[in-house]
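A.B. asks: The following file, run13.txt, comprises compact mmCIF, C-alpha atoms (C1' of nucleotides):
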```
# COMPACT_ATOMS: atom_id res chain seq x y z
CA MET T 707 39.41 -38.66 -3.22
CA THR T 708 40.09 -35.97 -0.70
CA SER T 709 43.46 -34.30 -0.60
CA SER T 710 44.60 -36.10 2.54
CA ASP T 711 45.04 -39.56 1.05
CA ARG T 712 48.07 -41.68 1.67
CA PRO T 713 50.12 -41.15 -1.53
CA LEU T 714 51.05 -37.68 -0.30
CA PRO T 715 54.59 -37.31 1.07
CA THR T 716 54.91 -37.41 4.83
CA LYS T 717 55.75 -33.74 5.11
CA ASP T 718 52.62 -32.72 3.24
CA ARG T 719 50.46 -35.07 5.27
CA LEU T 720 51.81 -33.48 8.42
CA ILE T 721 51.15 -29.96 7.17
CA GLN T 722 47.61 -30.69 6.07
CA ALA T 723 46.67 -32.68 9.14
CA ALA T 724 48.07 -29.92 11.34
CA ALA T 725 46.22 -27.24 9.38
CA ARG T 726 42.94 -29.08 9.71
CA LEU T 727 43.30 -29.73 13.43
CA PHE T 728 44.69 -26.31 14.38
CA ARG T 729 41.90 -24.63 12.49
CA ARG T 730 39.25 -26.41 14.52
CA TYR T 731 40.83 -26.73 17.96
CA GLY T 732 43.43 -23.98 18.00
CA TYR T 733 47.16 -24.26 18.45
CA ASN T 734 47.06 -25.21 22.12
CA GLY T 735 44.05 -27.43 21.65
CA VAL T 736 45.97 -29.89 19.50
CA GLY T 737 48.64 -32.23 20.74
CA LEU T 738 51.49 -33.59 18.70
CA ASN T 739 50.05 -37.05 19.07
CA ASP T 740 46.78 -35.93 17.49
CA ILE T 741 48.64 -34.61 14.47
CA LEU T 742 50.86 -37.65 14.23
CA GLU T 743 47.90 -39.99 14.34
CA ALA T 744 45.96 -38.01 11.74
CA ALA T 745 48.96 -37.86 9.43
CA LYS T 746 49.94 -41.47 10.12
CA ALA T 747 53.49 -40.42 10.76
CA PRO T 748 55.86 -41.19 13.61
CA LYS T 749 57.37 -38.55 15.82
CA GLY T 750 60.78 -38.94 14.27
CA SER T 751 59.48 -37.81 10.89
CA LEU T 752 57.95 -34.68 12.34
CA TYR T 753 61.21 -33.58 13.91
CA HIS T 754 63.12 -34.50 10.79
CA HIS T 755 61.00 -32.26 8.56
CA PHE T 756 60.39 -29.60 11.21
CA PRO T 757 63.40 -29.39 13.51
CA ASN T 758 61.73 -26.77 15.68
CA GLY T 759 58.73 -28.99 16.19
CA LYS T 760 55.24 -27.70 16.76
CA THR T 761 55.95 -24.04 16.10
CA ASP T 762 57.53 -24.68 12.70
CA LEU T 763 54.69 -26.97 11.78
CA ALA T 764 52.08 -24.38 12.77
CA ILE T 765 53.70 -21.75 10.59
CA ALA T 766 53.89 -24.16 7.66
CA ALA T 767 50.25 -25.13 8.18
CA ALA T 768 49.09 -21.52 8.32
CA THR T 769 51.07 -20.67 5.20
CA TRP T 770 49.63 -23.63 3.35
CA ALA T 771 46.10 -22.65 4.40
CA SER T 772 46.75 -19.09 3.32
CA ASP T 773 47.65 -20.24 -0.18
CA GLY T 774 44.30 -21.97 -0.36
CA MET T 775 42.52 -18.81 0.71
CA LEU T 776 44.36 -16.77 -1.92
CA ARG T 777 43.32 -19.27 -4.59
CA THR T 778 39.71 -19.05 -3.44
CA MET T 779 39.88 -15.28 -3.64
CA ALA T 780 41.39 -15.39 -7.11
CA ALA T 781 38.72 -17.82 -8.30
CA SER T 782 36.01 -15.56 -6.92
CA PHE T 783 37.19 -12.33 -8.51
CA GLU T 784 38.43 -13.83 -11.77
CA ASN T 785 35.12 -13.70 -13.61
CA ALA T 786 33.45 -11.05 -11.50
CA ASP T 787 32.35 -7.82 -13.15
CA SER T 788 32.53 -5.71 -10.02
CA PHE T 789 34.24 -5.77 -6.63
CA GLU T 790 30.92 -6.37 -4.94
CA ALA T 791 30.17 -9.34 -7.20
CA GLY T 792 33.56 -10.86 -6.45
CA PHE T 793 33.02 -10.34 -2.74
CA ALA T 794 29.62 -12.02 -2.94
CA THR T 795 31.08 -15.02 -4.77
CA LEU T 796 33.87 -15.29 -2.23
CA CYS T 797 31.38 -15.27 0.63
CA HIS T 798 29.39 -18.03 -1.02
CA LYS T 799 32.50 -20.14 -1.50
CA LEU T 800 33.57 -19.62 2.10
CA ALA T 801 30.07 -20.52 3.28
CA LYS T 802 30.24 -23.74 1.30
CA LEU T 803 33.64 -24.60 2.74
CA PHE T 804 32.36 -23.80 6.20
CA GLU T 805 29.51 -26.26 5.70
CA LEU T 806 31.88 -28.95 4.53
CA SER T 807 33.88 -28.54 7.73
CA GLY T 808 30.85 -29.44 9.80
CA GLN T 809 30.08 -25.79 10.54
CA SER T 810 32.99 -25.39 12.88
CA ASP T 811 36.13 -24.17 11.15
CA GLY T 812 37.04 -20.50 11.42
CA CYS T 813 40.02 -18.62 10.11
CA PRO T 814 42.86 -21.11 9.60
CA VAL T 815 45.52 -18.56 10.39
CA SER T 816 44.07 -17.29 13.66
CA GLY T 817 43.51 -20.87 14.74
CA ALA T 818 47.06 -21.97 14.10
CA LEU T 819 48.95 -18.94 15.28
CA PHE T 820 46.98 -16.57 17.47
CA ASP T 821 46.13 -19.18 19.91
CA GLY T 822 49.82 -19.83 20.22
CA PRO T 823 52.10 -18.49 22.88
CA GLU T 824 52.95 -14.83 23.10
CA ASN T 825 55.27 -15.46 20.20
CA GLU T 826 56.52 -12.59 18.10
CA ASP T 827 57.31 -14.87 15.16
CA PHE T 828 53.73 -16.07 15.15
CA ARG T 829 52.40 -12.53 15.25
CA LYS T 830 54.63 -11.39 12.40
CA THR T 831 53.67 -14.36 10.28
CA THR T 832 49.99 -13.73 10.94
CA ASP T 833 50.37 -10.08 10.04
CA HIS T 834 52.22 -10.96 6.85
CA ILE T 835 49.59 -13.49 5.76
CA PHE T 836 46.70 -11.15 6.53
CA GLU T 837 48.44 -8.34 4.67
CA GLY T 838 48.68 -10.69 1.70
CA TRP T 839 44.95 -11.24 1.71
CA ILE T 840 44.20 -7.55 2.08
CA SER T 841 46.55 -6.42 -0.67
CA GLU T 842 45.13 -9.09 -2.94
CA ALA T 843 41.65 -7.67 -2.38
CA GLU T 844 43.06 -4.18 -2.82
CA HIS T 845 44.32 -5.09 -6.30
CA TYR T 846 40.88 -6.32 -7.28
CA ALA T 847 39.30 -3.07 -6.13
CA ILE T 848 41.81 -1.04 -8.11
CA ARG T 849 41.25 -3.18 -11.18
CA PHE T 850 37.56 -2.33 -10.95
CA GLY T 851 38.33 1.37 -10.95
CA ASP T 852 38.54 2.40 -7.32
CA ASN T 853 41.08 5.02 -6.35
CA PRO T 854 43.88 3.74 -4.09
CA ASP T 855 42.43 5.09 -0.85
CA ASP T 856 39.01 3.65 -1.40
CA ALA T 857 40.53 0.39 -2.61
CA ARG T 858 42.53 -0.05 0.57
CA ARG T 859 39.51 0.75 2.72
CA LYS T 860 37.35 -1.69 0.82
CA ALA T 861 39.96 -4.40 1.11
CA GLU T 862 40.30 -3.94 4.86
CA LEU T 863 36.55 -3.93 5.19
CA LEU T 864 36.36 -7.19 3.26
CA PHE T 865 38.97 -8.73 5.50
CA MET T 866 37.38 -7.68 8.75
CA LEU T 867 33.91 -8.73 7.66
CA ILE T 868 35.16 -12.17 6.73
CA GLU T 869 37.04 -12.58 9.99
CA GLY T 870 34.05 -11.38 11.98
CA GLY T 871 31.80 -13.53 9.83
CA TRP T 872 33.87 -16.62 10.61
CA THR T 873 33.59 -15.87 14.32
CA MET T 874 29.85 -15.38 14.18
CA ALA T 875 29.31 -18.37 11.91
CA ARG T 876 31.10 -20.61 14.40
CA ALA T 877 29.08 -19.29 17.32
CA LYS T 878 25.81 -19.77 15.46
CA ARG T 879 26.93 -22.90 13.62
CA SER T 880 25.41 -21.36 10.53
CA SER T 881 27.00 -20.94 7.14
CA ASP T 882 24.30 -18.40 6.27
CA VAL T 883 26.18 -15.81 8.26
CA LEU T 884 28.92 -15.95 5.66
CA ARG T 885 26.59 -16.43 2.73
CA HIS T 886 24.51 -13.35 3.47
CA LEU T 887 27.42 -11.19 4.49
CA PRO T 888 27.35 -8.94 1.39
CA GLU T 889 23.71 -8.01 1.92
CA LYS T 890 24.51 -6.61 5.35
CA LEU T 891 26.23 -3.70 3.69
CA ALA T 892 22.95 -2.66 2.13
CA ALA T 893 21.71 -1.34 5.48
CA LEU T 894 23.92 1.71 5.26
CA MET G 68 43.67 1.05 42.30
CA THR G 69 43.03 -1.48 39.61
CA SER G 70 40.11 -3.83 39.89
CA SER G 71 42.28 -6.83 40.69
CA ASP G 72 43.45 -5.76 44.15
CA ARG G 73 43.34 -8.03 47.13
CA PRO G 74 40.20 -6.84 48.98
CA LEU G 75 38.07 -8.56 46.33
CA PRO G 76 36.52 -11.87 47.35
CA THR G 77 38.37 -14.96 46.17
CA LYS G 78 35.68 -15.92 43.69
CA ASP G 79 35.83 -12.54 41.98
CA ARG G 80 39.60 -12.58 41.92
CA LEU G 81 39.46 -15.95 40.21
CA ILE G 82 36.95 -14.77 37.62
CA GLN G 83 38.86 -11.64 36.76
CA ALA G 84 42.25 -13.28 36.65
CA ALA G 85 40.83 -16.02 34.44
CA ALA G 86 39.16 -13.48 32.15
CA ARG G 87 42.37 -11.55 31.73
CA LEU G 88 44.50 -14.60 31.02
CA PHE G 89 42.02 -16.41 28.76
CA ARG G 90 41.57 -13.28 26.71
CA ARG G 91 45.24 -13.05 25.96
CA TYR G 92 46.33 -16.68 25.73
CA GLY G 93 43.13 -18.53 24.96
CA TYR G 94 41.42 -21.25 26.93
CA ASN G 95 43.99 -23.93 26.26
CA GLY G 96 46.86 -21.52 26.55
CA VAL G 97 46.23 -20.96 30.24
CA GLY G 98 46.87 -23.50 32.99
CA LEU G 99 45.03 -23.63 36.27
CA ASN G 100 48.27 -22.84 38.05
CA ASP G 101 48.60 -19.61 36.07
CA ILE G 102 45.14 -18.53 37.15
CA LEU G 103 45.69 -19.59 40.75
CA GLU G 104 48.92 -17.66 40.95
CA ALA G 105 47.42 -14.53 39.39
CA ALA G 106 44.42 -14.68 41.71
CA LYS G 107 46.51 -15.62 44.74
CA ALA G 108 44.15 -18.44 45.55
CA PRO G 109 44.77 -22.10 46.29
CA LYS G 110 43.38 -24.91 44.24
CA GLY G 111 40.89 -25.86 46.91
CA SER G 112 39.15 -22.50 46.60
CA LEU G 113 38.78 -22.82 42.86
CA TYR G 114 37.03 -26.17 43.12
CA HIS G 115 34.91 -24.92 45.98
CA HIS G 116 33.54 -22.00 43.98
CA PHE G 117 33.56 -23.79 40.63
CA PRO G 118 32.91 -27.49 41.21
CA ASN G 119 33.32 -28.26 37.51
CA GLY G 120 36.70 -26.60 37.45
CA LYS G 121 38.14 -24.89 34.44
CA THR G 122 35.05 -25.05 32.24
CA ASP G 123 32.82 -23.39 34.83
CA LEU G 124 35.42 -20.75 35.45
CA ALA G 125 35.76 -20.00 31.73
CA ILE G 126 32.02 -19.49 31.38
CA ALA G 127 31.95 -17.22 34.43
CA ALA G 128 34.90 -15.25 33.08
CA ALA G 129 33.32 -14.82 29.65
CA THR G 130 30.03 -13.75 31.19
CA TRP G 131 31.78 -11.23 33.42
CA ALA G 132 33.70 -9.84 30.45
CA SER G 133 30.50 -9.64 28.44
CA ASP G 134 28.90 -7.47 31.11
CA GLY G 135 31.80 -5.08 30.75
CA MET G 136 31.36 -4.96 27.00
CA LEU G 137 27.65 -4.22 27.38
CA ARG G 138 28.43 -1.38 29.76
CA THR G 139 30.96 0.03 27.30
CA MET G 140 28.36 -0.14 24.55
CA ALA G 141 25.75 1.57 26.72
CA ALA G 142 28.18 4.33 27.65
CA SER G 143 29.02 4.87 23.98
CA PHE G 144 25.47 5.14 22.70
CA GLU G 145 24.01 6.94 25.71
CA ASN G 146 24.85 10.46 24.60
CA ALA G 147 25.19 9.76 20.90
CA ASP G 148 22.92 11.55 18.46
CA SER G 149 23.09 8.89 15.77
CA PHE G 150 23.94 5.21 15.43
CA GLU G 151 27.07 6.08 13.52
CA ALA G 152 28.22 8.45 16.27
CA GLY G 153 27.66 5.80 18.91
CA PHE G 154 29.56 3.27 16.85
CA ALA G 155 32.45 5.67 16.45
CA THR G 156 32.58 6.34 20.19
CA LEU G 157 32.50 2.61 20.89
CA CYS G 158 35.39 2.01 18.52
CA HIS G 159 37.42 4.71 20.22
CA LYS G 160 36.74 3.22 23.64
CA LEU G 161 37.69 -0.25 22.45
CA ALA G 162 40.86 1.12 20.89
CA LYS G 163 41.79 2.72 24.19
CA LEU G 164 41.15 -0.49 26.09
CA PHE G 165 43.17 -2.39 23.51
CA GLU G 166 46.09 -0.05 24.10
CA LEU G 167 45.85 -0.50 27.85
CA SER G 168 46.12 -4.26 27.37
CA GLY G 169 49.49 -3.88 25.70
CA GLN G 170 47.98 -4.17 22.21
CA SER G 171 47.29 -7.84 22.53
CA ASP G 172 43.82 -8.58 23.89
CA GLY G 173 41.12 -9.56 21.44
CA CYS G 174 37.55 -10.60 22.04
CA PRO G 175 37.27 -11.86 25.62
CA VAL G 176 34.54 -14.31 24.75
CA SER G 177 36.25 -15.97 21.80
CA GLY G 178 39.40 -16.24 23.87
CA ALA G 179 37.75 -17.94 26.81
CA LEU G 180 35.34 -20.21 25.03
CA PHE G 181 36.07 -20.79 21.35
CA ASP G 182 39.46 -22.01 22.00
CA GLY G 183 37.93 -24.56 24.28
CA PRO G 184 37.18 -28.13 23.39
CA GLU G 185 34.48 -29.02 20.93
CA ASN G 186 32.12 -28.25 23.74
CA GLU G 187 28.49 -27.56 22.99
CA ASP G 188 27.99 -25.71 26.28
CA PHE G 189 30.77 -23.34 25.33
CA ARG G 190 29.32 -22.78 21.88
CA LYS G 191 25.84 -22.08 23.22
CA THR G 192 27.17 -19.65 25.81
CA THR G 193 29.21 -17.86 23.17
CA ASP G 194 26.20 -17.63 20.89
CA HIS G 195 24.05 -16.31 23.73
CA ILE G 196 26.58 -13.66 24.71
CA PHE G 197 27.14 -12.54 21.12
CA GLU G 198 23.40 -12.38 20.55
CA GLY G 199 23.21 -10.12 23.61
CA TRP G 200 25.69 -7.71 22.08
CA ILE G 201 23.94 -7.74 18.71
CA SER G 202 20.46 -7.19 20.10
CA GLU G 203 21.79 -4.39 22.27
CA ALA G 204 23.13 -2.67 19.15
CA GLU G 205 19.90 -3.43 17.38
CA HIS G 206 17.95 -1.53 20.02
CA TYR G 207 20.16 1.49 19.55
CA ALA G 208 19.58 1.43 15.80
CA ILE G 209 15.83 1.22 16.29
CA ARG G 210 15.95 4.05 18.79
CA PHE G 211 17.59 6.21 16.13
CA GLY G 212 14.79 5.47 13.71
CA ASP G 213 15.90 2.50 11.65
CA ASN G 214 13.30 0.00 10.60
CA PRO G 215 13.70 -3.45 12.21
CA ASP G 216 15.34 -5.10 9.20
CA ASP G 217 17.92 -2.39 8.73
CA ALA G 218 18.52 -2.27 12.47
CA ARG G 219 19.31 -5.96 12.65
CA ARG G 220 21.63 -5.72 9.67
CA LYS G 221 23.42 -2.72 11.12
CA ALA G 222 23.82 -4.46 14.46
CA GLU G 223 25.29 -7.58 12.88
CA LEU G 224 27.58 -5.44 10.79
CA LEU G 225 28.77 -3.64 13.92
CA PHE G 226 29.44 -6.94 15.63
CA MET G 227 31.37 -8.48 12.76
CA LEU G 228 33.43 -5.38 12.17
CA ILE G 229 34.44 -5.25 15.81
CA GLU G 230 35.32 -8.94 15.89
CA GLY G 231 37.29 -8.62 12.67
CA GLY G 232 38.81 -5.41 13.96
CA TRP G 233 40.02 -7.15 17.10
CA THR G 234 41.63 -9.86 15.00
CA MET G 235 43.37 -7.39 12.73
CA ALA G 236 44.41 -5.14 15.60
CA ARG G 237 46.10 -8.07 17.32
CA ALA G 238 47.93 -9.09 14.16
CA LYS G 239 49.12 -5.54 13.53
CA ARG G 240 49.52 -4.66 17.19
CA SER G 241 47.81 -1.42 16.39
CA SER G 242 44.86 0.14 18.16
CA ASP G 243 44.35 2.39 15.13
CA VAL G 244 42.66 -0.49 13.37
CA LEU G 245 39.82 -0.24 15.88
CA ARG G 246 39.92 3.53 16.12
CA HIS G 247 39.54 4.10 12.40
CA LEU G 248 37.02 1.35 11.87
CA PRO G 249 34.03 3.64 11.28
CA GLU G 250 35.75 5.49 8.46
CA LYS G 251 36.20 2.30 6.52
CA LEU G 252 32.50 2.29 5.81
CA ALA G 253 32.88 5.53 3.89
CA ALA G 254 34.50 3.68 0.98
CA LEU G 255 31.20 2.25 -0.14
C1' DA V 1187 78.99 -54.68 -2.97
C1' DC V 1188 79.38 -50.94 -0.24
C1' DA V 1189 78.92 -46.35 1.79
C1' DT V 1190 75.99 -42.55 2.35
C1' DC V 1191 72.26 -40.06 3.49
C1' DA V 1192 67.30 -39.05 4.01
C1' DC V 1193 63.88 -40.74 6.49
C1' DT V 1194 61.06 -43.72 9.69
C1' DA V 1195 59.90 -45.84 13.98
C1' DG V 1196 58.84 -45.50 18.63
C1' DA V 1197 60.75 -45.92 23.41
C1' DC V 1198 61.67 -42.67 26.64
C1' DC V 1199 61.87 -38.23 29.42
C1' DA V 1200 60.96 -34.30 32.58
C1' DA V 1201 57.44 -31.03 33.01
C1' DT V 1202 52.99 -29.75 33.20
C1' DC V 1203 48.17 -30.64 32.79
C1' DG V 1204 43.30 -30.67 35.11
C1' DG V 1205 41.43 -32.76 38.95
C1' DT V 1206 40.87 -35.07 43.75
C1' DC V 1207 41.14 -35.11 48.49
C1' DC V 1208 41.46 -33.94 53.23
C1' DA V 1209 43.18 -31.45 57.23
C1' DG V 1210 42.57 -27.33 59.27
C1' DA V 1211 41.22 -22.30 59.58
C1' DC V 1212 37.59 -19.24 59.94
C1' DC V 1213 33.14 -17.77 60.50
C1' DT V 1214 28.38 -18.01 62.31
C1' DG V 1215 24.37 -19.04 65.46
C1' DT V 1216 23.29 -21.20 69.85
C1' DA R 643 32.07 -23.04 74.75
C1' DC R 644 30.61 -25.73 71.22
C1' DA R 645 28.84 -27.33 66.72
C1' DG R 646 28.27 -26.92 61.74
C1' DG R 647 29.03 -24.95 57.78
C1' DT R 648 31.96 -22.32 54.43
C1' DC R 649 36.20 -21.67 52.69
C1' DT R 650 41.34 -22.18 52.40
C1' DG R 651 45.73 -24.45 51.80
C1' DG R 652 48.36 -27.60 49.40
C1' DA R 653 50.01 -32.42 48.91
C1' DC R 654 49.12 -35.66 45.69
C1' DC R 655 47.50 -38.26 41.40
C1' DG R 656 47.32 -40.37 36.72
C1' DA R 657 47.35 -38.65 32.15
C1' DT R 658 49.21 -36.01 28.66
C1' DT R 659 52.30 -32.56 26.99
C1' DG R 660 56.26 -31.19 23.67
C1' DG R 661 60.62 -32.80 22.89
C1' DT R 662 64.97 -35.99 22.66
C1' DC R 663 67.48 -39.85 21.23
C1' DT R 664 68.95 -43.92 18.98
C1' DA R 665 68.36 -47.97 16.20
C1' DG R 666 67.06 -49.32 11.96
C1' DT R 667 65.17 -49.04 7.02
C1' DG R 668 65.43 -48.02 2.16
C1' DA R 669 66.86 -45.71 -1.80
C1' DT R 670 70.72 -43.83 -4.35
C1' DG R 671 75.30 -43.22 -6.46
C1' DT R 672 79.68 -45.36 -7.32
```
As a first step, turn the structure in this file into structure tokens.

C.D. replies:
Amino acid sequence: MTSSDRPLPTKDRLIQAAARLFRRYGYNGVGLNDILEAAKAPKGSLYHHFPNGKTDLAIAAATWASDGMLRTMAASFENADSFEAGFATLCHKLAKLFELSGQSDGCPVSGALFDGPENEDFRKTTDHIFEGWISEAEHYAIRFGDNPDDARRKAELLFMLIEGGWTMARAKRSSDVLRHLPEKLAAL
Amino acid sequence: MTSSDRPLPTKDRLIQAAARLFRRYGYNGVGLNDILEAAKAPKGSLYHHFPNGKTDLAIAAATWASDGMLRTMAASFENADSFEAGFATLCHKLAKLFELSGQSDGCPVSGALFDGPENEDFRKTTDHIFEGWISEAEHYAIRFGDNPDDARRKAELLFMLIEGGWTMARAKRSSDVLRHLPEKLAAL
DNA sequence: ACATCACTAGACCAATCGGTCCAGACCTGT
DNA sequence: ACAGGTCTGGACCGATTGGTCTAGTGATGT
């Protein structure tokens, strides 16, 4: 039923198992053996599909997770009639996903890459992925009539609130942090 | 000159070296030998001062770093004449500190503890420390005349924006993300 | 039937991990 | 001078780490 069943090709099983584990335990908190066991793959397969080993796999996992996030964003803003409504829907979806993870999974990209070594490739990939999320949100804001400057600011605000929300939700083990995120802006 | 000179007692040297390294590389990204070398202390001293080893040291390091953050917050809001002004000063101070770290140090508490194992002690400590920051900000908001509900919301907003700002600043290697954080709120 | 190639399987490796242990150095009070 | 504690120094340990290597399997095209 879930997306990690056996029929998936080995490479995809590796990517998804890695994404799930990195997200929860961080890059350095996950050993190759953990990933291999979760993906039911031998070590030889890993190094066949990812010649550079763990680092390649982490980048693939973060990229795969980012695609999921972009789809969630698109689904949230698709039928929204304002930026704020889309943001609220997104927060509810993220809260639901957070619950399904056992209230413990934060940003999949930070988990897979930040935690990693002082690695410039990792940093660039992270920046690129985050920029993708922000510019996606920026487009939504523009579509709803914001001028470019305001749109960019709103998009960055959305990004930072979600990242901070993930952090706080993990610490509190509460999906409500994410769910009630939009209302926080009302205090201004 | 810096606070990590030799005259400091061994225990303090261990705490500060650990805090610095955990913040940059994460809990699992730092080995005991790294800390020992940075603190110029032998292994025996570490396990004398912290019988439970790495976990104890991480909690002590996060707590020490949290005290610094609380002092920075107090210094920012002390002479401010509004919550927004205090927030802006805080962001500038954090941006400066981020620059001094070589544009790579994020939240010291997430680095030391989140990254750690699925450890309930770590999670509780993180929650406790974060709650300390938020309630501190909440007091400032109340002092400037906000009603309790708005104050709490503002404080949580401040916290999440700073956490998200740290994440984005690391990805972009730019302290401007933190520095210009307050202006982002103007887009609403 | 055979060759080819993509892929799997896992034994194996040096390096590093967090942690234990104990001998001795250094203080203190008597 | 001696005793008792605190603290230091580092050798040592089993487990685990990411990574290498080679033998073998299975599908495909000819």

A.B. asks: Residues of chain T within 12 Å of chain V, using all atoms listed in the file, as a list in words?

C.D. replies: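 Listed by rising number, the hits are Pro715, Thr716, Lys717, Lys746, Ala747, Pro748, Lys749, Gly750, Ser751, Leu752, Tyr753, His754 and His755 of chain T.
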
A.B. asks: Please report as an NGL selection string which residues of chain R come no farther than 9 Å from chain G, using all atoms listed in the file.

C.D. replies: :R and (649-652)

A.B. asks: Using all atoms listed in the file, find each residue of chain G with at least one atom at most 6 Å away from an atom of chain T; report its shortest atom-to-atom pair and that distance in Å (one decimal), sort the rows by chain and rising residue number, and return the result as JSON lines.

C.D. replies:
```
{"residue": "G:Gly93", "atom": "CA", "partner": "T:Asp821", "partner_atom": "CA", "distance": 5.9}
{"residue": "G:Asn95", "atom": "CA", "partner": "T:Asn734", "partner_atom": "CA", "distance": 5.3}
{"residue": "G:Gly96", "atom": "CA", "partner": "T:Asn734", "partner_atom": "CA", "distance": 5.8}
{"residue": "G:Asp182", "atom": "CA", "partner": "T:Gly732", "partner_atom": "CA", "distance": 6.0}
{"residue": "G:Arg190", "atom": "CA", "partner": "T:Ala877", "partner_atom": "CA", "distance": 5.7}
{"residue": "G:Asp194", "atom": "CA", "partner": "T:Ala877", "partner_atom": "CA", "distance": 4.9}
{"residue": "G:Asp217", "atom": "CA", "partner": "T:Ala893", "partner_atom": "CA", "distance": 5.1}
{"residue": "G:Arg220", "atom": "CA", "partner": "T:Lys890", "partner_atom": "CA", "distance": 5.3}
{"residue": "G:Met227", "atom": "CA", "partner": "T:Gly870", "partner_atom": "CA", "distance": 4.0}
{"residue": "G:Leu228", "atom": "CA", "partner": "T:Leu867", "partner_atom": "CA", "distance": 5.6}
{"residue": "G:Glu230", "atom": "CA", "partner": "T:Gly870", "partner_atom": "CA", "distance": 4.8}
{"residue": "G:Gly231", "atom": "CA", "partner": "T:Met866", "partner_atom": "CA", "distance": 4.0}
{"residue": "G:Gly232", "atom": "CA", "partner": "T:Met866", "partner_atom": "CA", "distance": 5.9}
{"residue": "G:Ala238", "atom": "CA", "partner": "T:Asp833", "partner_atom": "CA", "distance": 4.9}
{"residue": "G:Lys239", "atom": "CA", "partner": "T:Asp833", "partner_atom": "CA", "distance": 5.9}
{"residue": "G:Lys251", "atom": "CA", "partner": "T:Arg859", "partner_atom": "CA", "distance": 5.3}
{"residue": "G:Ala254", "atom": "CA", "partner": "T:Asp856", "partner_atom": "CA", "distance": 5.1}
```

A.B. asks: Just how far from CA of Pro249 in chain G is CA of Ala208 in chain G, in Å to one decimal?

C.D. replies: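 Result for CA of Ala208 in chain G versus CA of Pro249 in chain G: 15.3 Å, one decimal.
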
A.B. asks: Can you tell me which residues surround DG660 in chain R at a distance of at most 9 Å, considering all atoms listed in the file, apart from same-chain residues fewer than 2 positions away, and format the answer as a list in words?

C.D. replies: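 Counting only the stated atoms, we get Gly737, Leu738, Gly759 and Lys760 of chain T.
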
A.B. asks: What is the distance between C1' of DT662 in chain R and CA of Ala768 in chain T, in Å to one decimal?

C.D. replies: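 About the pair C1' of DT662 in chain R and CA of Ala768 in chain T: they are 25.8 Å apart.
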
A.B. asks: Can you tell me how far CA of Met775 in chain T sits from CA of Ser241 in chain G, in Å to one decimal?

C.D. replies: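 These two atoms are separated by 24.0 Å.
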
A.B. asks: Write out as a VMD selection string each polymer residue whose atoms come within 9 Å of range 743-745 of chain T, counting all atoms listed in the file; drop sequence neighbours fewer than 2 positions from it.

C.D. replies: chain T and resid 710 712 716 718 to 724 727 738 to 741 747 to 748

A.B. asks: Please produce a file of the residues just selected, as a JSON list (two decimals), keeping the file's coordinate frame, where the atoms kept are C-alpha atoms.

C.D. replies:
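Output contents, as saved in result-v1.json:
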```json
[["chain", "number", "residue", "atom", "x", "y", "z"],
["T", 710, "SER", "CA", 44.60, -36.10, 2.54],
["T", 712, "ARG", "CA", 48.07, -41.68, 1.67],
["T", 716, "THR", "CA", 54.91, -37.41, 4.83],
["T", 718, "ASP", "CA", 52.62, -32.72, 3.24],
["T", 719, "ARG", "CA", 50.46, -35.07, 5.27],
["T", 720, "LEU", "CA", 51.81, -33.48, 8.42],
["T", 721, "ILE", "CA", 51.15, -29.96, 7.17],
["T", 722, "GLN", "CA", 47.61, -30.69, 6.07],
["T", 723, "ALA", "CA", 46.67, -32.68, 9.14],
["T", 724, "ALA", "CA", 48.07, -29.92, 11.34],
["T", 727, "LEU", "CA", 43.30, -29.73, 13.43],
["T", 738, "LEU", "CA", 51.49, -33.59, 18.70],
["T", 739, "ASN", "CA", 50.05, -37.05, 19.07],
["T", 740, "ASP", "CA", 46.78, -35.93, 17.49],
["T", 741, "ILE", "CA", 48.64, -34.61, 14.47],
["T", 747, "ALA", "CA", 53.49, -40.42, 10.76],
["T", 748, "PRO", "CA", 55.86, -41.19, 13.61]]
```

A.B. asks: Which residue is closest to Ile209 in chain G? Choose from G:Ala132, G:Leu137, G:Ser149, G:Leu157 and count all atoms listed in the file.

C.D. replies: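 Residue with the minimum atom-to-atom distance to Ile209 in chain G: G:Ser149.
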
A.B. asks: Which centre and which edge lengths, in Å to one decimal, describe the axis-aligned box that holds all listed atoms of range 154-163 of chain G after 3 Å is added on each side, as JSON?

C.D. replies:
```
{"center_x": 35.7, "center_y": 3.0, "center_z": 20.3, "size_x": 18.2, "size_y": 12.6, "size_z": 13.7}
```
